[in-house]
file query.cif (mmCIF, C-alpha atoms)
data_work
#
loop_
_atom_site.label_atom_id
_atom_site.label_comp_id
_atom_site.auth_asym_id
_atom_site.auth_seq_id
_atom_site.Cartn_x
_atom_site.Cartn_y
_atom_site.Cartn_z
CA MET B 465 3.48 3.33 -22.66
CA LYS B 466 6.80 3.55 -20.84
CA LYS B 467 5.12 3.75 -17.45
CA ILE B 468 1.64 2.69 -16.52
CA MET B 469 0.88 6.29 -15.56
CA PRO B 470 2.96 9.24 -14.30
CA CYS B 471 0.75 9.51 -11.21
CA LEU B 472 0.27 5.78 -10.61
CA LEU B 473 2.02 5.87 -7.28
CA VAL B 474 0.19 8.82 -5.83
CA GLY B 475 2.92 10.09 -3.54
CA LEU B 476 2.57 11.39 -0.04
CA LEU B 477 2.51 14.98 -1.28
CA SER B 478 2.17 14.47 -5.01
CA ALA B 479 0.79 17.08 -7.34
CA CYS B 480 -1.54 14.62 -9.09
CA SER B 481 -5.05 16.00 -8.93
CA ASN B 482 -7.95 13.87 -7.72
CA HIS B 483 -11.24 14.26 -9.54
CA ASN B 484 -12.64 10.84 -8.72
CA THR B 485 -14.85 10.41 -5.66
CA GLN B 486 -16.12 6.94 -6.54
CA ASP B 487 -15.82 4.76 -3.42
CA VAL B 488 -15.07 1.51 -5.21
CA LYS B 489 -14.58 0.22 -8.73
CA THR B 490 -14.96 -3.50 -9.36
CA GLN B 491 -13.96 -5.60 -12.33
CA PHE B 492 -14.84 -9.16 -11.35
CA ILE B 493 -14.46 -12.12 -13.70
CA ASP B 494 -17.92 -13.55 -14.39
CA ASP B 495 -17.46 -17.08 -15.73
CA GLY B 496 -19.26 -19.12 -13.09
CA LYS B 497 -16.08 -19.76 -11.13
CA LYS B 498 -14.65 -18.21 -7.96
CA HIS B 499 -11.48 -16.21 -8.53
CA PRO B 500 -8.87 -14.58 -6.28
CA LEU B 501 -9.49 -10.92 -5.46
CA VAL B 502 -6.93 -8.12 -5.56
CA ILE B 503 -7.80 -4.86 -3.79
CA LEU B 504 -5.97 -1.80 -5.17
CA LEU B 505 -5.20 1.01 -2.71
CA GLY B 506 -3.96 4.38 -3.90
CA GLY B 507 -1.75 6.89 -2.15
CA SER B 508 -2.17 10.06 -0.18
CA ASP B 509 -3.95 12.03 -2.87
CA GLY B 510 -7.20 10.66 -1.49
CA GLY B 511 -10.24 9.55 -3.40
CA ASN B 512 -10.17 6.45 -5.56
CA THR B 513 -7.55 7.48 -8.10
CA LEU B 514 -7.03 3.92 -9.33
CA ALA B 515 -10.64 3.88 -10.52
CA ASN B 516 -9.63 6.48 -13.11
CA PRO B 517 -9.65 5.13 -16.69
CA HIS B 518 -5.91 5.81 -16.90
CA TRP B 519 -5.27 2.86 -14.57
CA GLN B 520 -7.38 0.43 -16.60
CA PRO B 521 -4.31 -1.60 -17.74
CA ILE B 522 -3.83 -2.86 -14.17
CA PHE B 523 -7.41 -4.16 -14.02
CA ASP B 524 -7.13 -5.74 -17.45
CA ARG B 525 -3.78 -7.47 -16.89
CA LEU B 526 -4.98 -8.93 -13.59
CA ASN B 527 -8.23 -10.14 -15.18
CA GLU B 528 -6.23 -11.76 -17.98
CA ALA B 529 -4.30 -13.63 -15.28
CA GLY B 530 -7.55 -14.95 -13.79
CA VAL B 531 -7.78 -12.46 -10.93
CA SER B 532 -10.75 -10.24 -10.08
CA VAL B 533 -10.00 -6.66 -9.09
CA ALA B 534 -11.46 -3.83 -7.04
CA SER B 535 -9.97 -0.41 -6.34
CA LEU B 536 -10.96 1.07 -3.00
CA GLY B 537 -10.94 4.67 -1.86
CA TYR B 538 -10.29 4.88 1.87
CA PHE B 539 -10.60 8.65 2.36
CA GLY B 540 -11.73 11.57 0.26
CA THR B 541 -14.57 9.77 -1.54
CA ASP B 542 -18.33 10.24 -1.29
CA ASN B 543 -18.80 7.82 1.62
CA THR B 544 -15.42 7.86 3.36
CA PRO B 545 -13.79 10.37 5.74
CA SER B 546 -12.62 13.62 4.18
CA SER B 547 -9.47 13.69 6.35
CA ALA B 548 -6.61 11.19 6.24
CA ALA B 549 -6.29 11.28 10.03
CA GLU B 550 -7.13 8.34 12.30
CA LEU B 551 -8.79 6.16 9.70
CA SER B 552 -10.29 2.97 11.12
CA LEU B 553 -8.54 -0.15 9.87
CA GLU B 554 -11.58 -2.20 10.88
CA GLU B 555 -13.86 -0.10 8.68
CA ILE B 556 -11.55 -0.52 5.69
CA GLU B 557 -11.26 -4.28 6.26
CA LYS B 558 -15.04 -4.55 6.58
CA ARG B 559 -15.49 -3.03 3.12
CA ILE B 560 -12.94 -5.45 1.68
CA SER B 561 -14.66 -8.42 3.32
CA LEU B 562 -18.01 -7.37 1.83
CA LEU B 563 -16.47 -7.36 -1.64
CA ALA B 564 -14.94 -10.78 -0.98
CA LYS B 565 -18.38 -12.23 -0.16
CA SER B 566 -19.37 -12.06 -3.83
CA ASP B 567 -20.18 -15.45 -5.36
CA LYS B 568 -17.55 -14.59 -8.00
CA ILE B 569 -14.74 -14.44 -5.42
CA ASN B 570 -12.69 -17.10 -3.65
CA ASN B 571 -12.75 -15.39 -0.26
CA ASN B 572 -9.90 -17.57 0.94
CA CYS B 573 -7.70 -15.71 -1.50
CA VAL B 574 -7.71 -11.94 -0.98
CA ALA B 575 -4.71 -9.74 -1.72
CA VAL B 576 -4.16 -6.05 -0.99
CA PHE B 577 -2.03 -4.17 -3.52
CA GLY B 578 -1.13 -0.72 -2.23
CA PHE B 579 0.88 2.17 -3.60
CA SER B 580 2.86 4.60 -1.39
CA LYS B 581 0.56 5.56 1.51
CA GLY B 582 -1.62 2.71 0.31
CA ALA B 583 1.38 0.39 0.68
CA GLU B 584 1.58 1.37 4.34
CA LEU B 585 -2.12 0.56 4.61
CA ALA B 586 -1.73 -2.76 2.76
CA LEU B 587 0.99 -3.90 5.15
CA LEU B 588 -1.15 -2.94 8.14
CA LEU B 589 -4.22 -4.77 6.81
CA GLY B 590 -2.18 -7.91 6.21
CA SER B 591 -0.70 -7.62 9.70
CA HIS B 592 -4.00 -7.32 11.57
CA PHE B 593 -6.69 -9.23 9.65
CA ASP B 594 -6.78 -12.92 8.75
CA SER B 595 -9.22 -12.20 5.92
CA ILE B 596 -6.28 -10.83 3.92
CA ASN B 597 -3.49 -13.25 3.11
CA HIS B 598 -1.42 -11.69 0.32
CA VAL B 599 0.26 -8.26 0.39
CA VAL B 600 1.85 -6.25 -2.39
CA ALA B 601 3.37 -3.00 -1.10
CA VAL B 602 4.71 -0.63 -3.75
CA MET B 603 6.97 2.12 -2.34
CA PRO B 604 6.34 0.86 1.21
CA SER B 605 7.17 1.87 4.75
CA HIS B 606 8.28 -0.30 7.66
CA VAL B 607 6.56 2.02 10.15
CA THR B 608 3.28 3.84 10.54
CA TRP B 609 3.42 7.59 9.83
CA ASN B 610 1.41 10.62 10.82
CA ALA B 611 -1.64 11.54 8.78
CA VAL B 612 -0.85 13.23 5.49
CA LYS B 613 -2.00 16.66 4.38
CA THR B 614 -3.00 17.85 7.82
CA VAL B 615 -1.19 20.36 10.01
CA THR B 616 -2.36 18.51 13.11
CA ASP B 617 -0.05 15.76 14.28
CA LYS B 618 -2.25 12.68 14.37
CA SER B 619 -1.85 9.03 13.51
CA SER B 620 -3.05 7.94 10.09
CA TRP B 621 -4.83 4.89 11.49
CA THR B 622 -6.80 3.50 14.41
CA LEU B 623 -7.24 -0.08 15.57
CA LYS B 624 -9.82 -1.02 18.20
CA ASN B 625 -10.65 2.69 18.47
CA GLN B 626 -7.08 3.55 19.47
CA PRO B 627 -4.64 5.55 17.32
CA LEU B 628 -1.63 3.53 16.19
CA ALA B 629 1.80 4.69 17.28
CA TYR B 630 3.53 6.61 14.50
CA ILE B 631 6.64 8.43 13.38
CA ASN B 632 5.96 12.12 12.81
CA ALA B 633 7.13 13.94 9.69
CA PRO B 634 5.28 17.25 10.18
CA LEU B 635 3.70 18.93 7.19
CA LEU B 636 4.98 22.33 8.37
CA SER B 637 8.60 21.26 8.90
CA TRP B 638 11.30 23.11 6.97
CA GLN B 639 12.32 19.97 5.08
CA MET B 640 8.74 19.22 4.04
CA GLN B 641 8.07 22.77 2.90
CA LYS B 642 11.37 22.81 1.02
CA GLY B 643 10.14 19.72 -0.81
CA ASN B 644 7.24 21.72 -2.20
CA VAL B 645 9.85 23.71 -4.13
CA THR B 646 12.41 21.02 -4.94
CA GLY B 647 10.07 18.05 -5.31
CA GLU B 648 12.31 16.14 -2.87
CA PHE B 649 10.42 15.06 0.24
CA THR B 650 12.62 12.10 1.18
CA PRO B 651 14.93 14.20 3.41
CA ALA B 652 11.97 15.12 5.63
CA PHE B 653 11.17 11.46 6.27
CA GLU B 654 14.83 10.51 6.70
CA GLN B 655 15.19 13.29 9.27
CA ALA B 656 12.08 12.08 11.14
CA LEU B 657 13.45 8.54 11.27
CA ALA B 658 16.87 9.76 12.41
CA LYS B 659 15.28 11.74 15.26
CA ALA B 660 13.10 8.86 16.44
CA THR B 661 14.35 6.70 19.29
CA GLU B 662 14.72 2.95 18.92
CA PHE B 663 11.69 2.53 21.18
CA GLU B 664 9.60 4.87 19.01
CA ILE B 665 10.61 2.98 15.88
CA GLU B 666 9.63 -0.35 17.43
CA GLN B 667 6.31 1.05 18.65
CA ALA B 668 5.49 2.32 15.15
CA ARG B 669 6.82 -0.74 13.30
CA ILE B 670 4.24 -2.53 11.16
CA PRO B 671 4.02 -6.11 12.48
CA ILE B 672 3.94 -7.70 9.04
CA ASP B 673 5.28 -10.96 10.49
CA LYS B 674 1.69 -11.50 11.72
CA ASN B 675 0.50 -11.75 8.11
CA LYS B 676 -0.69 -15.17 6.97
CA GLY B 677 0.70 -15.21 3.46
CA PRO B 678 3.23 -13.97 0.89
CA VAL B 679 4.56 -10.41 0.86
CA LEU B 680 5.96 -8.58 -2.16
CA LEU B 681 7.72 -5.23 -1.79
CA VAL B 682 8.57 -2.88 -4.65
CA SER B 683 10.77 0.13 -3.92
CA ALA B 684 12.76 2.81 -5.74
CA LYS B 685 16.43 3.46 -5.10
CA GLN B 686 16.03 7.11 -6.15
CA ASP B 687 12.72 7.69 -4.44
CA GLU B 688 12.09 11.43 -4.11
CA ILE B 689 8.90 11.14 -2.04
CA TRP B 690 10.07 9.00 0.87
CA PRO B 691 12.92 6.49 1.40
CA SER B 692 11.04 3.44 0.12
CA TYR B 693 14.22 1.48 -0.72
CA ASP B 694 15.65 1.77 2.79
CA MET B 695 12.26 1.18 4.39
CA ALA B 696 11.63 -1.91 2.22
CA ASN B 697 15.02 -3.23 3.31
CA GLU B 698 13.94 -2.72 6.91
CA VAL B 699 10.82 -4.81 6.25
CA MET B 700 12.92 -7.56 4.66
CA LYS B 701 15.37 -7.53 7.56
CA TYR B 702 12.51 -7.75 10.06
CA LEU B 703 10.90 -10.69 8.25
CA GLU B 704 14.24 -12.50 8.17
CA GLU B 705 14.76 -11.92 11.89
CA GLN B 706 11.26 -13.21 12.62
CA GLU B 707 11.89 -16.28 10.43
CA TYR B 708 8.80 -15.50 8.40
CA GLU B 709 7.36 -18.75 7.05
CA TYR B 710 5.74 -17.47 3.85
CA ALA B 711 7.29 -16.24 0.62
CA TYR B 712 8.59 -12.67 0.64
CA GLU B 713 10.48 -10.74 -1.99
CA HIS B 714 11.80 -7.25 -2.66
CA ILE B 715 11.98 -5.75 -6.16
CA ALA B 716 14.24 -2.68 -6.03
CA LEU B 717 13.77 -0.37 -9.02
CA GLU B 718 16.57 1.91 -10.17
CA GLY B 719 14.27 4.84 -10.83
CA SER B 720 12.00 7.18 -8.89
CA HIS B 721 8.82 6.92 -6.82
CA TYR B 722 6.83 6.82 -10.06
CA GLY B 723 8.85 4.03 -11.69
CA PHE B 724 6.34 1.19 -11.41
CA ASP B 725 6.03 0.10 -15.05
CA ARG B 726 4.70 -2.71 -17.23
CA GLN B 727 7.59 -5.02 -16.49
CA THR B 728 7.19 -4.56 -12.75
CA LEU B 729 3.47 -5.24 -13.06
CA LYS B 730 4.29 -8.49 -14.89
CA LYS B 731 6.65 -9.51 -12.07
CA THR B 732 4.00 -8.63 -9.50
CA ILE B 733 1.34 -10.73 -11.22
CA ARG B 734 3.81 -13.61 -11.56
CA PHE B 735 4.52 -13.44 -7.82
CA LEU B 736 0.80 -13.56 -7.03
CA LEU B 737 0.09 -16.42 -9.43
CA ASN B 738 3.02 -18.44 -8.07
CA ASN B 739 1.69 -18.08 -4.54
CA PHE B 740 -2.10 -18.09 -4.92
CA PRO B 741 -2.31 -21.88 -5.36
CA ILE B 742 -0.25 -22.49 -2.21
CA GLN B 743 -2.44 -20.31 -0.01
CA CYS B 744 -5.86 -20.38 -1.64
CA ASP B 745 -6.73 -23.91 -2.78
#
call {"tool": "encode", "arguments": {"input": "query.cif", "output": "structure tokens"}}
result
Amino acid sequence: MKKIMPCLLVGLLSACSNHNTQDVKTQFIDDGKKHPLVILLGGSDGGNTLANPHWQPIFDRLNEAGVSVASLGYFGTDNTPSSAAELSLEEIEKRISLLAKSDKINNNCVAVFGFSKGAELALLLGSHFDSINHVVAVMPSHVTWNAVKTVTDKSSWTLKNQPLAYINAPLLSWQMQKGNVTGEFTPAFEQALAKATEFEIEQARIPIDKNKGPVLLVSAKQDEIWPSYDMANEVMKYLEEQEYEYAYEHIALEGSHYGFDRQTLKKTIRFLLNNFPIQCD
């Protein structure tokens, strides 16, 4: 298995189909002890794609490392909004906190592990909620973007009933529509960032320095979906400028948006295991 799955990082406009409407899939370790919890968050395809049997290796490898796992759909499932627009961060965090209340979970040790659009969400959850203290963001963004797969320009997220500021990469732009033919959507996001003012960038920036624990970024230097390598570098630069006190690391892959493989998963688990004892005991 060269890659965990070809659609593992469900891209912002990926062609991977979603047939899974299950809200949550849990695989908790049941040995009488409390274990750390990792919450898996998929990308913009909606639903709970990581609950699909194809992604089972992620659950199993984490369990083998002593970590309980849950994959969470945050839109497009039976009991979540159908649209990706203006999703409540509080509602998503509330669902995570309910999972963490299990007697099998050390609720002082909760990590979010997001892919693509889910990486944007993971960084936001870590930034705004103390209940989450570890963040893994695979193919991340340093800013909040508009809602995906909607022709209406709206923020993806709300906080305290207010839409978060965002950078707009319109679905109906020429560059985005061209990507439907070429498979290259990165130019549309690069163009949106280039057009944004410094003030707009700062307003939309994810305040990950407010997180209370380690941050791991994984990006792709040849990302065809959005410029994850450059955006991950922006996150790293920001954390350095803010003199972030917790561990943070950036793994830059040579391949594409879908290049998260077994070796990268091993590095990710190692990062978590190295930092869980510091934060969670």
call {"tool": "closest_residue", "arguments": {"input": "query.cif", "among": "B:Gln727, B:Asn571, B:Asn632, B:Thr661", "to": "Asp745 (chain B)", "atoms": "all atoms listed in the file"}}
result
B:Asn571
call {"tool": "resolve_selection", "arguments": {"input": "query.cif", "expression": "the PyMOL selection byres ((chain B and resi 550) around 10)", "output": "list in words"}}
result
Pro545, Ser547, Ala548, Ala549, Leu551, Ser552, Leu553, Asn610, Ala611, Lys618, Ser619, Ser620, Trp621, Thr622, Leu623, Asn625, Gln626, Pro627 and Leu628 of chain B
call {"tool": "closest_residue", "arguments": {"input": "query.cif", "among": "B:Asp487, B:Asp495, B:Asp725, B:Glu718", "to": "Ile522 (chain B)", "atoms": "all atoms listed in the file"}}
result
B:Asp725
call {"tool": "closest_atom_pairs", "arguments": {"input": "query.cif", "of": "region 645-714 of chain B", "to": "region 597-601 of chain B", "cutoff": "9 Å", "atoms": "all atoms listed in the file", "output": "JSON lines"}}
result
{"residue": "B:Asn675", "atom": "CA", "partner": "B:Asn597", "partner_atom": "CA", "distance": 6.6}
{"residue": "B:Lys676", "atom": "CA", "partner": "B:Asn597", "partner_atom": "CA", "distance": 5.1}
{"residue": "B:Gly677", "atom": "CA", "partner": "B:Asn597", "partner_atom": "CA", "distance": 4.6}
{"residue": "B:Pro678", "atom": "CA", "partner": "B:His598", "partner_atom": "CA", "distance": 5.2}
{"residue": "B:Val679", "atom": "CA", "partner": "B:Val599", "partner_atom": "CA", "distance": 4.8}
{"residue": "B:Leu680", "atom": "CA", "partner": "B:Val600", "partner_atom": "CA", "distance": 4.7}
{"residue": "B:Leu681", "atom": "CA", "partner": "B:Ala601", "partner_atom": "CA", "distance": 4.9}
{"residue": "B:Val682", "atom": "CA", "partner": "B:Ala601", "partner_atom": "CA", "distance": 6.3}
{"residue": "B:Ser683", "atom": "CA", "partner": "B:Ala601", "partner_atom": "CA", "distance": 8.5}
{"residue": "B:Ala696", "atom": "CA", "partner": "B:Ala601", "partner_atom": "CA", "distance": 9.0}
call {"tool": "resolve_selection", "arguments": {"input": "query.cif", "expression": "the PyMOL selection byres ((chain B and resi 564-569) around 12)", "output": "ChimeraX atom specification"}}
result
/B:490-503,530-534,557-563,570-576,595-596,744
call {"tool": "closest_residue", "arguments": {"input": "query.cif", "among": "B:Leu536, B:Ala684, B:Ala656, B:Leu587", "to": "Leu717 (chain B)", "atoms": "all atoms listed in the file"}}
result
B:Ala684
call {"tool": "resolve_selection", "arguments": {"input": "query.cif", "expression": "the PyMOL selection byres ((chain B and resi 537) around 8)", "output": "list in words"}}
result
Thr485, Gln486, Asp487, Val488, Leu505, Gly506, Gly510, Gly511, Asn512, Thr513, Ser535, Leu536, Tyr538, Phe539, Gly540, Thr541 and Thr544 of chain B
call {"tool": "closest_residue", "arguments": {"input": "query.cif", "among": "B:Glu662, B:Gln686, B:Thr728, B:His606", "to": "Tyr702 (chain B)", "atoms": "only C-alpha atoms"}}
result
B:His606
